[in-house]
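K.L.:
Supplied in structure tokens, the structure appears directly below.
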Amino acid sequence: MIPAGHAPFNGIYPATICPFDTTDAIDETALARHVAAMAGVPGCVGVLCNGHAGENFVLSRDEKRRVVEIVHETIGDRMIVISGINCENSLEAVQHARDATAAGADALMIFPANSWALSQDAAMAMTHHRMIIEAVDIPIALFQASVNSGRMAYTPEVLAQLAQLPRVVAVKEGSWETGAYEANRRLIKDVAPHVAVMASGDEHLFASYVLGSEGSFVSLASLIPETIVALDRAVCGSDLAAARRAHEVIYPLAKAIYGSPPGGRATARLKTCLKLLERLDDDRVRPPMGPLDAGEVNALSEALVAAGLL
């Protein structure tokens, strides 16, 4: 459901989780309830499903398609549905892109292959994206990875080329470092000013919004969507005091979920927070990720209390 008018993709997109039941199958009812909650928040214009928070790296092709179907059936008449495409094999990525489009995705986000952390060049990145873009006829979002992710993070030269590909409408800027964020935003606005640059480093949203942003694809918005929207609106309205108040809620939670090693446990922490808030019945994650220990659960509980949520 892409709205008409200027800059239709601007706004806040919670990156949604994928709940599982006791058999490790997708809990379809819980997923529908989770995404429906996002649709009830003014200022959230869409969702990103099948992202890292949605454990796209442990879902099968059929499961990813089913996730898009459920999200589309639940909120597709009210919100933009963006599906992540995360594959090592470009031929497989094309199949997943066609699946997501047929299942009701309004746009796709192309993730860099994990193997690129060790070896990636401009030709590989361009080939991967071009093959997907040529296979489907819907808008595309890019994913700029963290400065700590090796070669998965595109160089300025590669990012500039990708931003100018046909139908690219947005970039999830996840450098997780404000200096890199500003440099990449300036670069993209120079070579492709129509492309929305979406701040997505959870601890750094305040600073990134002040530098400039068209919104966010961010998993913390699946936990505190109203606060993320409030931060965005406060900065856009030059209300620094209100922005700082929102930041004081966001920052401790972001540090507790994303700022503590190992970073791979972020999704498990996010699910545990949702369970502690009684928004999710089962916080299990798929192997090889496992459950959090009691110490981590206590730390997350304390962070929620400090944020005034629990």
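Labeling convention for the structure tokens: chains A, B, ... as they appear, residues from 1 per chain, ligands from 1 in order of appearance.
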Hey, what's within 12 Å of Thr127 of chain A if we count only C-alpha atoms and toss same-chain stuff fewer than 3 positions away? As a list in words, please?
P.N.:
Asn89, Ser90, Leu91, Ala93, Val94, Pro112, Gln120, Asp121, Ala122, Ala123, Met124, Arg130, Met131, Ile132, Ile133, Glu134, Val158, Gln161, Leu162 and Leu165 of chain A
K.L.:
So that I can see what lies close to segment 27-32 of chain A, please list as a count of residues only the residues with an atom at most 8 Å from it, counting only C-alpha atoms and leaving out residues fewer than 5 positions away in the same chain.
P.N.:
9
K.L.:
Using only C-alpha atoms, which residue out of A:Ser83, A:Thr272, A:Asn298, A:Ser115 lies closest to Ala103 of chain A?
P.N.:
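Nearest candidate to Ala103 of chain A out of A:Ser83, A:Thr272, A:Asn298, A:Ser115: A:Ser83.
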K.L.:
Go ahead and compute the interatomic distance for atom CA of Ile85 of chain A and atom CA of Asn50 of chain A, in Å to one decimal.
P.N.:
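These atoms are spaced 7.3 Å apart.
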K.L.:
I need the residue nearest Tyr209 of chain A from this list: A:Ala307, A:Ile12, A:Val297, A:Leu253. Use only C-alpha atoms for the distance.
P.N.:
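Using only C-alpha atoms, Tyr209 of chain A sits closest to A:Ile12.
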K.L.:
Can you list, as a list in words, all residues belonging to segment 7-142 of chain A that DSSP tags as strand (DSSP E)?
P.N.:
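Residues meeting the strand (DSSP E) criterion: Gly11, Ile12, Tyr13, Pro14, Gly46, Val47, Leu48, Cys49, Ile80, Val81, Ile82, Ser83, Gly84, Ile85, Ala107, Leu108, Met109, Ile110, Ile140, Ala141 and Leu142 of chain A.
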K.L.:
Using only N, CA and C atoms, please write the residues we just selected to a file, as a PDB file, in the first residue's frame.
P.N.:
ATOM      1  N   GLY A  11       9.322   7.930   6.584  1.00  0.00           N
ATOM      2  CA  GLY A  11       8.621   7.614   7.824  1.00  0.00           C
ATOM      3  C   GLY A  11       9.288   6.498   8.601  1.00  0.00           C
ATOM      4  N   ILE A  12       8.605   6.020   9.623  1.00  0.00           N
ATOM      5  CA  ILE A  12       9.144   5.012  10.525  1.00  0.00           C
ATOM      6  C   ILE A  12       8.611   3.631  10.149  1.00  0.00           C
ATOM      7  N   TYR A  13       9.537   2.687  10.010  1.00  0.00           N
ATOM      8  CA  TYR A  13       9.215   1.293   9.708  1.00  0.00           C
ATOM      9  C   TYR A  13       9.773   0.406  10.811  1.00  0.00           C
ATOM     10  N   PRO A  14       8.940  -0.140  11.686  1.00  0.00           N
ATOM     11  CA  PRO A  14       9.442  -1.143  12.609  1.00  0.00           C
ATOM     12  C   PRO A  14       9.938  -2.367  11.841  1.00  0.00           C
ATOM     13  N   GLY A  46       4.954   1.849   7.666  1.00  0.00           N
ATOM     14  CA  GLY A  46       5.114   0.524   7.102  1.00  0.00           C
ATOM     15  C   GLY A  46       5.903  -0.353   8.046  1.00  0.00           C
ATOM     16  N   VAL A  47       6.174  -1.577   7.607  1.00  0.00           N
ATOM     17  CA  VAL A  47       7.020  -2.487   8.377  1.00  0.00           C
ATOM     18  C   VAL A  47       8.049  -3.112   7.456  1.00  0.00           C
ATOM     19  N   LEU A  48       9.166  -3.491   8.051  1.00  0.00           N
ATOM     20  CA  LEU A  48      10.173  -4.298   7.369  1.00  0.00           C
ATOM     21  C   LEU A  48      10.095  -5.690   7.961  1.00  0.00           C
ATOM     22  N   CYS A  49       9.609  -6.660   7.186  1.00  0.00           N
ATOM     23  CA  CYS A  49       9.602  -8.043   7.635  1.00  0.00           C
ATOM     24  C   CYS A  49      10.742  -8.799   6.945  1.00  0.00           C
ATOM     25  N   ILE A  80       2.815   0.176   4.219  1.00  0.00           N
ATOM     26  CA  ILE A  80       3.763  -0.336   3.233  1.00  0.00           C
ATOM     27  C   ILE A  80       4.438  -1.582   3.799  1.00  0.00           C
ATOM     28  N   VAL A  81       4.451  -2.639   3.030  1.00  0.00           N
ATOM     29  CA  VAL A  81       5.094  -3.890   3.442  1.00  0.00           C
ATOM     30  C   VAL A  81       6.387  -4.052   2.652  1.00  0.00           C
ATOM     31  N   ILE A  82       7.506  -4.030   3.378  1.00  0.00           N
ATOM     32  CA  ILE A  82       8.813  -4.226   2.755  1.00  0.00           C
ATOM     33  C   ILE A  82       9.378  -5.549   3.260  1.00  0.00           C
ATOM     34  N   SER A  83       9.837  -6.378   2.349  1.00  0.00           N
ATOM     35  CA  SER A  83      10.416  -7.670   2.714  1.00  0.00           C
ATOM     36  C   SER A  83      11.910  -7.671   2.443  1.00  0.00           C
ATOM     37  N   GLY A  84      12.667  -8.189   3.405  1.00  0.00           N
ATOM     38  CA  GLY A  84      14.098  -8.331   3.215  1.00  0.00           C
ATOM     39  C   GLY A  84      14.411  -9.521   2.322  1.00  0.00           C
ATOM     40  N   ILE A  85      15.454  -9.362   1.510  1.00  0.00           N
ATOM     41  CA  ILE A  85      15.980 -10.444   0.670  1.00  0.00           C
ATOM     42  C   ILE A  85      17.429 -10.655   1.094  1.00  0.00           C
ATOM     43  N   ALA A 107       7.633  -3.463  -1.554  1.00  0.00           N
ATOM     44  CA  ALA A 107       9.012  -3.131  -1.888  1.00  0.00           C
ATOM     45  C   ALA A 107       9.911  -4.192  -1.263  1.00  0.00           C
ATOM     46  N   LEU A 108      11.162  -4.225  -1.697  1.00  0.00           N
ATOM     47  CA  LEU A 108      12.129  -5.186  -1.190  1.00  0.00           C
ATOM     48  C   LEU A 108      13.339  -4.448  -0.635  1.00  0.00           C
ATOM     49  N   MET A 109      13.944  -5.015   0.405  1.00  0.00           N
ATOM     50  CA  MET A 109      15.234  -4.537   0.893  1.00  0.00           C
ATOM     51  C   MET A 109      16.272  -5.616   0.614  1.00  0.00           C
ATOM     52  N   ILE A 110      17.295  -5.269  -0.141  1.00  0.00           N
ATOM     53  CA  ILE A 110      18.333  -6.220  -0.509  1.00  0.00           C
ATOM     54  C   ILE A 110      19.467  -6.151   0.501  1.00  0.00           C
ATOM     55  N   ILE A 140      12.945  -0.709  -4.502  1.00  0.00           N
ATOM     56  CA  ILE A 140      14.058  -1.392  -3.841  1.00  0.00           C
ATOM     57  C   ILE A 140      14.679  -0.476  -2.792  1.00  0.00           C
ATOM     58  N   ALA A 141      14.983  -1.058  -1.626  1.00  0.00           N
ATOM     59  CA  ALA A 141      15.769  -0.374  -0.597  1.00  0.00           C
ATOM     60  C   ALA A 141      17.107  -1.084  -0.462  1.00  0.00           C
ATOM     61  N   LEU A 142      18.145  -0.313  -0.238  1.00  0.00           N
ATOM     62  CA  LEU A 142      19.485  -0.851  -0.016  1.00  0.00           C
ATOM     63  C   LEU A 142      19.731  -1.006   1.479  1.00  0.00           C
TER      64      LEU A 142
END
K.L.:
Produce a table with one row for each residue of segment 68-161 of chain A that has an atom at most 8 Å from any atom of segment 185-198 of chain A, each row naming the nearest atom pair and its distance in Å at one decimal; use only C-alpha atoms; arrange rows by chain and rising residue number; format as a tab-separated table.
P.N.:
residue	atom	partner	partner_atom	distance
A:Pro156	CA	A:Leu187	CA	7.4
A:Leu159	CA	A:Ile188	CA	7.8
A:Ala160	CA	A:Ile188	CA	6.3
K.L.:
Quick one: contact table of segment 159-216 of chain A to segment 235-252 of chain A, 8 Å max, nearest atom pair and distance in Å to one decimal per residue, counting only C-alpha atoms, chain and number order, as a tab-separated table?
P.N.:
residue	atom	partner	partner_atom	distance
A:Asp202	CA	A:Tyr251	CA	7.6
A:Glu203	CA	A:Tyr251	CA	5.3
A:His204	CA	A:Tyr251	CA	7.9
A:Phe206	CA	A:His247	CA	6.3
A:Tyr209	CA	A:Val235	CA	6.6
A:Val210	CA	A:Val235	CA	6.4
K.L.:
For the residues selected in the previous step, produce a file with all heavy atoms as a PDB file, in the first residue's frame.
P.N.:
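Wrote it out as out.pdb, contents follow:
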ATOM      1  N   ASP A 202      20.339   2.113  16.226  1.00  0.00           N
ATOM      2  CA  ASP A 202      19.380   2.371  17.300  1.00  0.00           C
ATOM      3  C   ASP A 202      19.900   3.315  18.378  1.00  0.00           C
ATOM      4  O   ASP A 202      19.177   4.199  18.836  1.00  0.00           O
ATOM      5  CB  ASP A 202      18.954   1.047  17.936  1.00  0.00           C
ATOM      6  CG  ASP A 202      18.285   0.135  16.931  1.00  0.00           C
ATOM      7  OD1 ASP A 202      18.997  -0.403  16.063  1.00  0.00           O
ATOM      8  OD2 ASP A 202      17.066  -0.022  16.999  1.00  0.00           O
ATOM      9  N   GLU A 203      21.154   3.146  18.816  1.00  0.00           N
ATOM     10  CA  GLU A 203      21.679   4.031  19.855  1.00  0.00           C
ATOM     11  C   GLU A 203      21.913   5.451  19.348  1.00  0.00           C
ATOM     12  O   GLU A 203      22.021   6.387  20.133  1.00  0.00           O
ATOM     13  CB  GLU A 203      23.018   3.517  20.404  1.00  0.00           C
ATOM     14  CG  GLU A 203      22.962   2.188  21.098  1.00  0.00           C
ATOM     15  CD  GLU A 203      23.572   1.105  20.253  1.00  0.00           C
ATOM     16  OE1 GLU A 203      23.142   0.946  19.087  1.00  0.00           O
ATOM     17  OE2 GLU A 203      24.477   0.416  20.739  1.00  0.00           O
ATOM     18  N   HIS A 204      22.000   5.602  18.012  1.00  0.00           N
ATOM     19  CA  HIS A 204      22.424   6.870  17.422  1.00  0.00           C
ATOM     20  C   HIS A 204      21.306   7.588  16.683  1.00  0.00           C
ATOM     21  O   HIS A 204      21.573   8.497  15.898  1.00  0.00           O
ATOM     22  CB  HIS A 204      23.588   6.627  16.461  1.00  0.00           C
ATOM     23  CG  HIS A 204      24.677   5.786  17.022  1.00  0.00           C
ATOM     24  ND1 HIS A 204      25.432   6.178  18.104  1.00  0.00           N
ATOM     25  CD2 HIS A 204      25.134   4.556  16.689  1.00  0.00           C
ATOM     26  CE1 HIS A 204      26.310   5.235  18.395  1.00  0.00           C
ATOM     27  NE2 HIS A 204      26.141   4.235  17.559  1.00  0.00           N
ATOM     28  N   PHE A 206      19.060   9.745  17.684  1.00  0.00           N
ATOM     29  CA  PHE A 206      18.966  11.165  18.001  1.00  0.00           C
ATOM     30  C   PHE A 206      19.957  11.966  17.163  1.00  0.00           C
ATOM     31  O   PHE A 206      19.585  12.917  16.455  1.00  0.00           O
ATOM     32  CB  PHE A 206      19.211  11.361  19.499  1.00  0.00           C
ATOM     33  CG  PHE A 206      19.107  12.786  19.982  1.00  0.00           C
ATOM     34  CD1 PHE A 206      18.348  13.724  19.321  1.00  0.00           C
ATOM     35  CD2 PHE A 206      19.778  13.180  21.135  1.00  0.00           C
ATOM     36  CE1 PHE A 206      18.248  15.030  19.779  1.00  0.00           C
ATOM     37  CE2 PHE A 206      19.696  14.484  21.602  1.00  0.00           C
ATOM     38  CZ  PHE A 206      18.935  15.409  20.929  1.00  0.00           C
ATOM     39  N   TYR A 209      19.126  11.757  13.377  1.00  0.00           N
ATOM     40  CA  TYR A 209      17.977  12.571  12.996  1.00  0.00           C
ATOM     41  C   TYR A 209      18.350  14.047  12.919  1.00  0.00           C
ATOM     42  O   TYR A 209      17.875  14.779  12.048  1.00  0.00           O
ATOM     43  CB  TYR A 209      16.837  12.388  13.990  1.00  0.00           C
ATOM     44  CG  TYR A 209      16.063  11.081  13.851  1.00  0.00           C
ATOM     45  CD1 TYR A 209      16.389  10.146  12.875  1.00  0.00           C
ATOM     46  CD2 TYR A 209      15.004  10.792  14.688  1.00  0.00           C
ATOM     47  CE1 TYR A 209      15.682   8.963  12.755  1.00  0.00           C
ATOM     48  CE2 TYR A 209      14.279   9.614  14.580  1.00  0.00           C
ATOM     49  CZ  TYR A 209      14.624   8.702  13.605  1.00  0.00           C
ATOM     50  OH  TYR A 209      13.923   7.533  13.480  1.00  0.00           O
ATOM     51  N   VAL A 210      19.182  14.495  13.852  1.00  0.00           N
ATOM     52  CA  VAL A 210      19.617  15.898  13.826  1.00  0.00           C
ATOM     53  C   VAL A 210      20.433  16.176  12.565  1.00  0.00           C
ATOM     54  O   VAL A 210      20.303  17.243  11.948  1.00  0.00           O
ATOM     55  CB  VAL A 210      20.428  16.236  15.095  1.00  0.00           C
ATOM     56  CG1 VAL A 210      21.069  17.619  14.974  1.00  0.00           C
ATOM     57  CG2 VAL A 210      19.524  16.184  16.330  1.00  0.00           C
TER      58      VAL A 210
END
K.L.:
What residues in segment 50-101 of chain A get the DSSP label alpha helix (DSSP H)? Please answer as JSON, numbers by chain.
P.N.:
{"A": [61, 62, 63, 64, 65, 66, 67, 68, 69, 70, 71, 72, 73, 74, 75, 90, 91, 92, 93, 94, 95, 96, 97, 98, 99, 100, 101]}
K.L.:
From the set A:Ala268, A:Asp232, A:Gly201, A:Asp282, which residue has the shortest atom-to-atom contact distance to Ala254 of chain A, counting only C-alpha atoms?
P.N.:
A:Gly201
